[in-house]
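Visitor: Questions regarding the structure given below will be posed in turn.
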Amino acid sequence: MTQPSAQTHLTDSEILERARESGRTIRQEVLLALEHGEMPLRYQRNGQCLSPSDQAILARAHVVLVGCGGLGGHVLESLVRTGVGRITACDPDVFEPSNANRQLLATTRTMGRSKAQAAQARAGEINPLVEVTAVAEEVILDRLHGAQVVADCLGGALHRRGLQTMAAQAGIPLVSAAVSGWNVLVGSAWPGEPGLGEFMSNGAGPSAEQLQGNPCSTVALAASLQATELIHILLGIPSALRGNLLMVDLVEMRFSTVSLHTRDG
């Protein structure tokens, strides 16, 4: 019996050279390679979890990342390394010293710099095969058109409901995460369905993050769960978090899920 031929793997430089010679964009060249059974070498270790067709779906995908701080920096890292082809990174804020305990993109070099621009620069250092657009302003509805999913990486609760409304108007799901001390919340909302923003208090005053803190390990876990849910949605894997809220207590190492559909009001 004939053994299947080994899959061809391409280095970044080979793909970039092909793009220069063909006049195609880098993303187009990546997709063409995947369609011909050529896997970028940088994605080789995705292979046991993601097929070439999965990798092609991710290369075509567009995610809008709202917030490039604690959650957003870690989510960006996962999406870029996994091979999500296009990311629009939105954040009007700049880095300050208090961000340094948990925000992946907050370094001595980025203090005072735009968080969105730092996200774009970091992505370019990690993976030249993806496109990251920096938007150093509040997200608006027009930014969501053409995306498959929105990542809600906002801090606190103030703007979450508004973002969920915009995602619903654009007809795409929203994946949200939040951190409060040693506690994590993660949930997904489809248009017309409840989401994390409705679960959280939207009142004035200090946020739960400010009152209880947000250590780096908690933020990293929340972002990892959020990024995994984003990738599952892009690949069409049924979401266990749709209409549900995953709650993690890292003091007791307890994971639990509650339905947002059963909440009163």
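FYI, nothing fancy with the structure tokens labels: chains A, B, ... in order, residues from 1 per chain, ligands from 1 as they appear.
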Neighbouring residues of Ala220 of chain A were defined as those with any atom within 12 Å, considering only C-alpha atoms; residues of the same chain fewer than 2 positions away were excluded. Please report them as a PyMOL selection string.
Guide: chain A and resi 69-78+101-104+153+177-179+182-184+214-218+222-227
Visitor: Can you pull out the residues contacting segment 80-88 of chain A? Cut-off 6 Å, using only C-alpha atoms, and skip same-chain residues under 5 positions away; I want them as a VMD selection string.
Guide: chain A and resid 58 to 65 130 to 133
Visitor: What would the file look like if the residues just selected were written as a tab-separated table (two decimals), in the first residue's frame with N, CA, C and O atoms?
Guide:
chain	number	residue	atom	x	y	z
A	58	LEU	N	-8.69	29.90	9.42
A	58	LEU	CA	-8.15	30.91	10.32
A	58	LEU	C	-7.41	31.99	9.54
A	58	LEU	O	-7.48	33.18	9.88
A	59	ALA	N	-6.70	31.61	8.50
A	59	ALA	CA	-5.97	32.59	7.69
A	59	ALA	C	-6.91	33.56	6.99
A	59	ALA	O	-6.55	34.72	6.74
A	60	ARG	N	-8.12	33.10	6.66
A	60	ARG	CA	-9.12	33.97	6.02
A	60	ARG	C	-9.86	34.84	7.03
A	60	ARG	O	-10.51	35.81	6.66
A	61	ALA	N	-9.79	34.49	8.30
A	61	ALA	CA	-10.66	35.08	9.32
A	61	ALA	C	-10.25	36.51	9.67
A	61	ALA	O	-9.10	36.91	9.53
A	62	HIS	N	-11.25	37.23	10.18
A	62	HIS	CA	-11.05	38.60	10.66
A	62	HIS	C	-11.68	38.72	12.04
A	62	HIS	O	-12.87	38.47	12.21
A	63	VAL	N	-10.86	39.05	13.03
A	63	VAL	CA	-11.32	39.26	14.40
A	63	VAL	C	-11.11	40.72	14.77
A	63	VAL	O	-10.05	41.29	14.50
A	64	VAL	N	-12.12	41.34	15.39
A	64	VAL	CA	-11.97	42.68	15.94
A	64	VAL	C	-11.68	42.54	17.43
A	64	VAL	O	-12.49	41.97	18.17
A	65	LEU	N	-10.53	43.02	17.83
A	65	LEU	CA	-10.07	42.95	19.22
A	65	LEU	C	-10.28	44.31	19.87
A	65	LEU	O	-9.65	45.29	19.47
A	130	VAL	N	0.46	37.40	9.25
A	130	VAL	CA	-0.87	37.91	9.59
A	130	VAL	C	-0.87	39.43	9.48
A	130	VAL	O	0.18	40.08	9.49
A	131	GLU	N	-2.07	39.99	9.37
A	131	GLU	CA	-2.23	41.44	9.26
A	131	GLU	C	-2.92	41.96	10.51
A	131	GLU	O	-4.01	41.50	10.85
A	132	VAL	N	-2.30	42.91	11.19
A	132	VAL	CA	-2.90	43.55	12.35
A	132	VAL	C	-2.98	45.05	12.09
A	132	VAL	O	-1.97	45.69	11.80
A	133	THR	N	-4.19	45.58	12.16
A	133	THR	CA	-4.43	47.01	11.96
A	133	THR	C	-4.63	47.66	13.32
A	133	THR	O	-5.46	47.20	14.12
Visitor: Have a look at A:Pro173, A:Gly243, A:Pro97, A:Gly155 and name the one nearest to Leu196 of chain A; count only C-alpha atoms.
Guide: A:Gly243
Visitor: Output as a PyMOL selection string all residues of segment 143-265 of chain A that backbone DSSP marks as helix (DSSP H, G or I).
Guide: chain A and resi 143-144+160-170+196-199+208-212+216-235+260-262
Visitor: Write the residues of the selection above to a file with N, CA and C atoms, as a compact mmCIF listing (two decimals), in the first residue's frame.
Guide:
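See result05.txt below for the written result:
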# COMPACT_ATOMS: atom_id res chain seq x y z
N ARG A 143 -16.21 49.39 12.12
CA ARG A 143 -15.02 48.54 12.28
C ARG A 143 -15.38 47.06 12.34
N LEU A 144 -16.63 46.75 12.67
CA LEU A 144 -17.03 45.36 12.85
C LEU A 144 -17.46 44.69 11.56
N ARG A 160 -19.23 47.61 28.05
CA ARG A 160 -19.47 46.26 27.55
C ARG A 160 -20.84 46.12 26.89
N ARG A 161 -21.85 46.68 27.48
CA ARG A 161 -23.19 46.54 26.90
C ARG A 161 -23.27 47.23 25.55
N GLY A 162 -22.62 48.39 25.45
CA GLY A 162 -22.60 49.09 24.17
C GLY A 162 -21.90 48.29 23.11
N LEU A 163 -20.81 47.61 23.46
CA LEU A 163 -20.08 46.79 22.50
C LEU A 163 -20.93 45.59 22.10
N GLN A 164 -21.64 45.00 23.04
CA GLN A 164 -22.51 43.87 22.71
C GLN A 164 -23.61 44.30 21.75
N THR A 165 -24.14 45.50 21.96
CA THR A 165 -25.17 46.02 21.06
C THR A 165 -24.61 46.20 19.65
N MET A 166 -23.38 46.72 19.55
CA MET A 166 -22.76 46.91 18.24
C MET A 166 -22.52 45.57 17.55
N ALA A 167 -22.05 44.58 18.30
CA ALA A 167 -21.82 43.26 17.71
C ALA A 167 -23.14 42.68 17.21
N ALA A 168 -24.21 42.86 17.97
CA ALA A 168 -25.52 42.36 17.55
C ALA A 168 -25.98 43.06 16.28
N GLN A 169 -25.74 44.38 16.20
CA GLN A 169 -26.12 45.13 15.00
C GLN A 169 -25.33 44.67 13.79
N ALA A 170 -24.07 44.24 14.01
CA ALA A 170 -23.25 43.74 12.92
C ALA A 170 -23.56 42.28 12.60
N LEU A 196 -22.12 38.59 28.82
CA LEU A 196 -21.45 38.96 30.06
C LEU A 196 -21.78 40.38 30.50
N GLY A 197 -21.96 41.29 29.54
CA GLY A 197 -22.25 42.68 29.87
C GLY A 197 -23.51 42.84 30.70
N GLU A 198 -24.49 41.95 30.49
CA GLU A 198 -25.73 42.03 31.26
C GLU A 198 -25.57 41.42 32.65
N PHE A 199 -24.55 40.58 32.80
CA PHE A 199 -24.31 39.94 34.09
C PHE A 199 -23.61 40.89 35.04
N ALA A 208 -14.81 46.23 39.80
CA ALA A 208 -14.38 45.09 40.61
C ALA A 208 -12.89 44.85 40.44
N GLU A 209 -12.37 45.10 39.24
CA GLU A 209 -10.94 44.95 38.99
C GLU A 209 -10.12 45.88 39.87
N GLN A 210 -10.60 47.11 40.00
CA GLN A 210 -9.89 48.08 40.82
C GLN A 210 -9.98 47.75 42.30
N LEU A 211 -11.13 47.22 42.72
CA LEU A 211 -11.33 46.92 44.13
C LEU A 211 -10.62 45.65 44.57
N GLN A 212 -10.58 44.65 43.69
CA GLN A 212 -10.05 43.34 44.07
C GLN A 212 -8.73 43.01 43.40
N CYS A 216 -1.46 38.86 37.22
CA CYS A 216 -1.13 38.45 35.85
C CYS A 216 -1.61 37.03 35.54
N SER A 217 -1.44 36.10 36.46
CA SER A 217 -1.81 34.72 36.17
C SER A 217 -3.31 34.58 35.92
N THR A 218 -4.12 35.36 36.62
CA THR A 218 -5.57 35.31 36.42
C THR A 218 -5.93 35.89 35.06
N VAL A 219 -5.31 37.00 34.72
CA VAL A 219 -5.57 37.63 33.42
C VAL A 219 -5.16 36.70 32.29
N ALA A 220 -4.02 36.06 32.42
CA ALA A 220 -3.52 35.16 31.36
C ALA A 220 -4.47 33.98 31.17
N LEU A 221 -5.00 33.42 32.27
CA LEU A 221 -5.94 32.31 32.15
C LEU A 221 -7.22 32.76 31.46
N ALA A 222 -7.75 33.90 31.89
CA ALA A 222 -8.98 34.41 31.27
C ALA A 222 -8.80 34.62 29.78
N ALA A 223 -7.66 35.20 29.39
CA ALA A 223 -7.40 35.46 27.98
C ALA A 223 -7.21 34.17 27.20
N SER A 224 -6.60 33.16 27.82
CA SER A 224 -6.42 31.87 27.15
C SER A 224 -7.77 31.21 26.86
N LEU A 225 -8.67 31.24 27.84
CA LEU A 225 -10.01 30.69 27.63
C LEU A 225 -10.76 31.49 26.56
N GLN A 226 -10.61 32.80 26.59
CA GLN A 226 -11.28 33.66 25.62
C GLN A 226 -10.75 33.40 24.21
N ALA A 227 -9.44 33.31 24.07
CA ALA A 227 -8.85 33.06 22.75
C ALA A 227 -9.27 31.70 22.20
N THR A 228 -9.35 30.69 23.06
CA THR A 228 -9.77 29.37 22.62
C THR A 228 -11.21 29.40 22.12
N GLU A 229 -12.06 30.12 22.83
CA GLU A 229 -13.45 30.25 22.39
C GLU A 229 -13.54 30.99 21.05
N LEU A 230 -12.74 32.01 20.86
CA LEU A 230 -12.71 32.74 19.58
C LEU A 230 -12.32 31.81 18.44
N ILE A 231 -11.29 31.01 18.66
CA ILE A 231 -10.82 30.09 17.62
C ILE A 231 -11.88 29.05 17.32
N HIS A 232 -12.54 28.53 18.35
CA HIS A 232 -13.61 27.55 18.13
C HIS A 232 -14.74 28.13 17.28
N ILE A 233 -15.12 29.36 17.58
CA ILE A 233 -16.18 30.01 16.81
C ILE A 233 -15.77 30.17 15.35
N LEU A 234 -14.54 30.60 15.12
CA LEU A 234 -14.06 30.77 13.75
C LEU A 234 -14.07 29.45 12.98
N LEU A 235 -13.80 28.36 13.67
CA LEU A 235 -13.73 27.04 13.02
C LEU A 235 -15.09 26.35 12.97
N LEU A 260 -27.00 32.07 31.42
CA LEU A 260 -27.46 33.46 31.45
C LEU A 260 -28.94 33.56 31.08
N HIS A 261 -29.51 32.53 30.52
CA HIS A 261 -30.91 32.56 30.13
C HIS A 261 -31.84 32.44 31.33
N THR A 262 -31.32 31.96 32.46
CA THR A 262 -32.18 31.73 33.63
C THR A 262 -32.18 32.91 34.59
Visitor: Quick one: everything within 12 Å of segment 22-31 of chain A, counting only C-alpha atoms, minus sequence neighbours fewer than 2 positions away in the same chain. Send it as an MDAnalysis selection string.
Guide: chainID A and resid 9:20 33:43 52:62 83:86 127:132
Visitor: Put those residues in a file: C-alpha atoms, as a PDB file, in the first residue's frame.
Guide:
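What follows is the written file out_27.pdb:
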ATOM      1  CA  HIS A   9       6.418  22.879   5.091  1.00  0.00           C
ATOM      2  CA  LEU A  10       7.355  26.415   4.080  1.00  0.00           C
ATOM      3  CA  THR A  11       9.436  28.904   6.016  1.00  0.00           C
ATOM      4  CA  ASP A  12       8.299  32.495   6.463  1.00  0.00           C
ATOM      5  CA  SER A  13      11.027  33.694   4.095  1.00  0.00           C
ATOM      6  CA  GLU A  14       9.840  31.327   1.366  1.00  0.00           C
ATOM      7  CA  ILE A  15       6.274  32.608   1.660  1.00  0.00           C
ATOM      8  CA  LEU A  16       7.382  36.240   1.728  1.00  0.00           C
ATOM      9  CA  GLU A  17       9.575  35.684  -1.331  1.00  0.00           C
ATOM     10  CA  ARG A  18       6.675  34.092  -3.200  1.00  0.00           C
ATOM     11  CA  ALA A  19       4.496  37.077  -2.359  1.00  0.00           C
ATOM     12  CA  ARG A  20       7.136  39.502  -3.653  1.00  0.00           C
ATOM     13  CA  ALA A  33       0.029  27.397  -0.083  1.00  0.00           C
ATOM     14  CA  LEU A  34      -2.498  25.810   2.284  1.00  0.00           C
ATOM     15  CA  GLU A  35      -4.814  24.981  -0.616  1.00  0.00           C
ATOM     16  CA  HIS A  36      -1.907  23.115  -2.248  1.00  0.00           C
ATOM     17  CA  GLY A  37      -1.117  21.166   0.915  1.00  0.00           C
ATOM     18  CA  GLU A  38       1.845  23.323   1.928  1.00  0.00           C
ATOM     19  CA  MET A  39       1.813  24.206   5.618  1.00  0.00           C
ATOM     20  CA  PRO A  40       3.771  27.190   6.921  1.00  0.00           C
ATOM     21  CA  LEU A  41       6.469  25.723   9.140  1.00  0.00           C
ATOM     22  CA  ARG A  42       5.500  28.021  12.005  1.00  0.00           C
ATOM     23  CA  TYR A  43       2.113  26.246  12.207  1.00  0.00           C
ATOM     24  CA  PRO A  52      -4.715  22.390   6.797  1.00  0.00           C
ATOM     25  CA  SER A  53      -8.312  23.338   6.012  1.00  0.00           C
ATOM     26  CA  ASP A  54      -8.735  24.621   9.577  1.00  0.00           C
ATOM     27  CA  GLN A  55      -5.557  26.628   9.213  1.00  0.00           C
ATOM     28  CA  ALA A  56      -6.885  28.077   5.946  1.00  0.00           C
ATOM     29  CA  ILE A  57     -10.139  29.092   7.658  1.00  0.00           C
ATOM     30  CA  LEU A  58      -8.146  30.915  10.321  1.00  0.00           C
ATOM     31  CA  ALA A  59      -5.965  32.588   7.687  1.00  0.00           C
ATOM     32  CA  ARG A  60      -9.117  33.970   6.019  1.00  0.00           C
ATOM     33  CA  ALA A  61     -10.662  35.084   9.317  1.00  0.00           C
ATOM     34  CA  HIS A  62     -11.045  38.599  10.657  1.00  0.00           C
ATOM     35  CA  GLY A  83      -2.523  32.113  12.524  1.00  0.00           C
ATOM     36  CA  VAL A  84      -5.677  34.231  12.510  1.00  0.00           C
ATOM     37  CA  GLY A  85      -5.110  36.148   9.312  1.00  0.00           C
ATOM     38  CA  ARG A  86      -6.550  39.548  10.083  1.00  0.00           C
ATOM     39  CA  ASN A 127       4.195  36.482  12.815  1.00  0.00           C
ATOM     40  CA  PRO A 128       4.699  38.323   9.510  1.00  0.00           C
ATOM     41  CA  LEU A 129       2.038  36.116   7.882  1.00  0.00           C
ATOM     42  CA  VAL A 130      -0.869  37.910   9.590  1.00  0.00           C
ATOM     43  CA  GLU A 131      -2.232  41.445   9.257  1.00  0.00           C
ATOM     44  CA  VAL A 132      -2.902  43.554  12.350  1.00  0.00           C
TER      45      VAL A 132
END
Visitor: Would you compute the distance between atom CA of Ala118 of chain A and atom CA of Ala147 of chain A? Give it in Å to one decimal.
Guide: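 According to the coordinates, atom CA of Ala118 of chain A and atom CA of Ala147 of chain A are separated by 21.5 Å.
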Visitor: Report the distance between atom CA of Val150 of chain A and atom CA of Asp249 of chain A in Å, rounded to one decimal place.
Guide: 25.2 Å
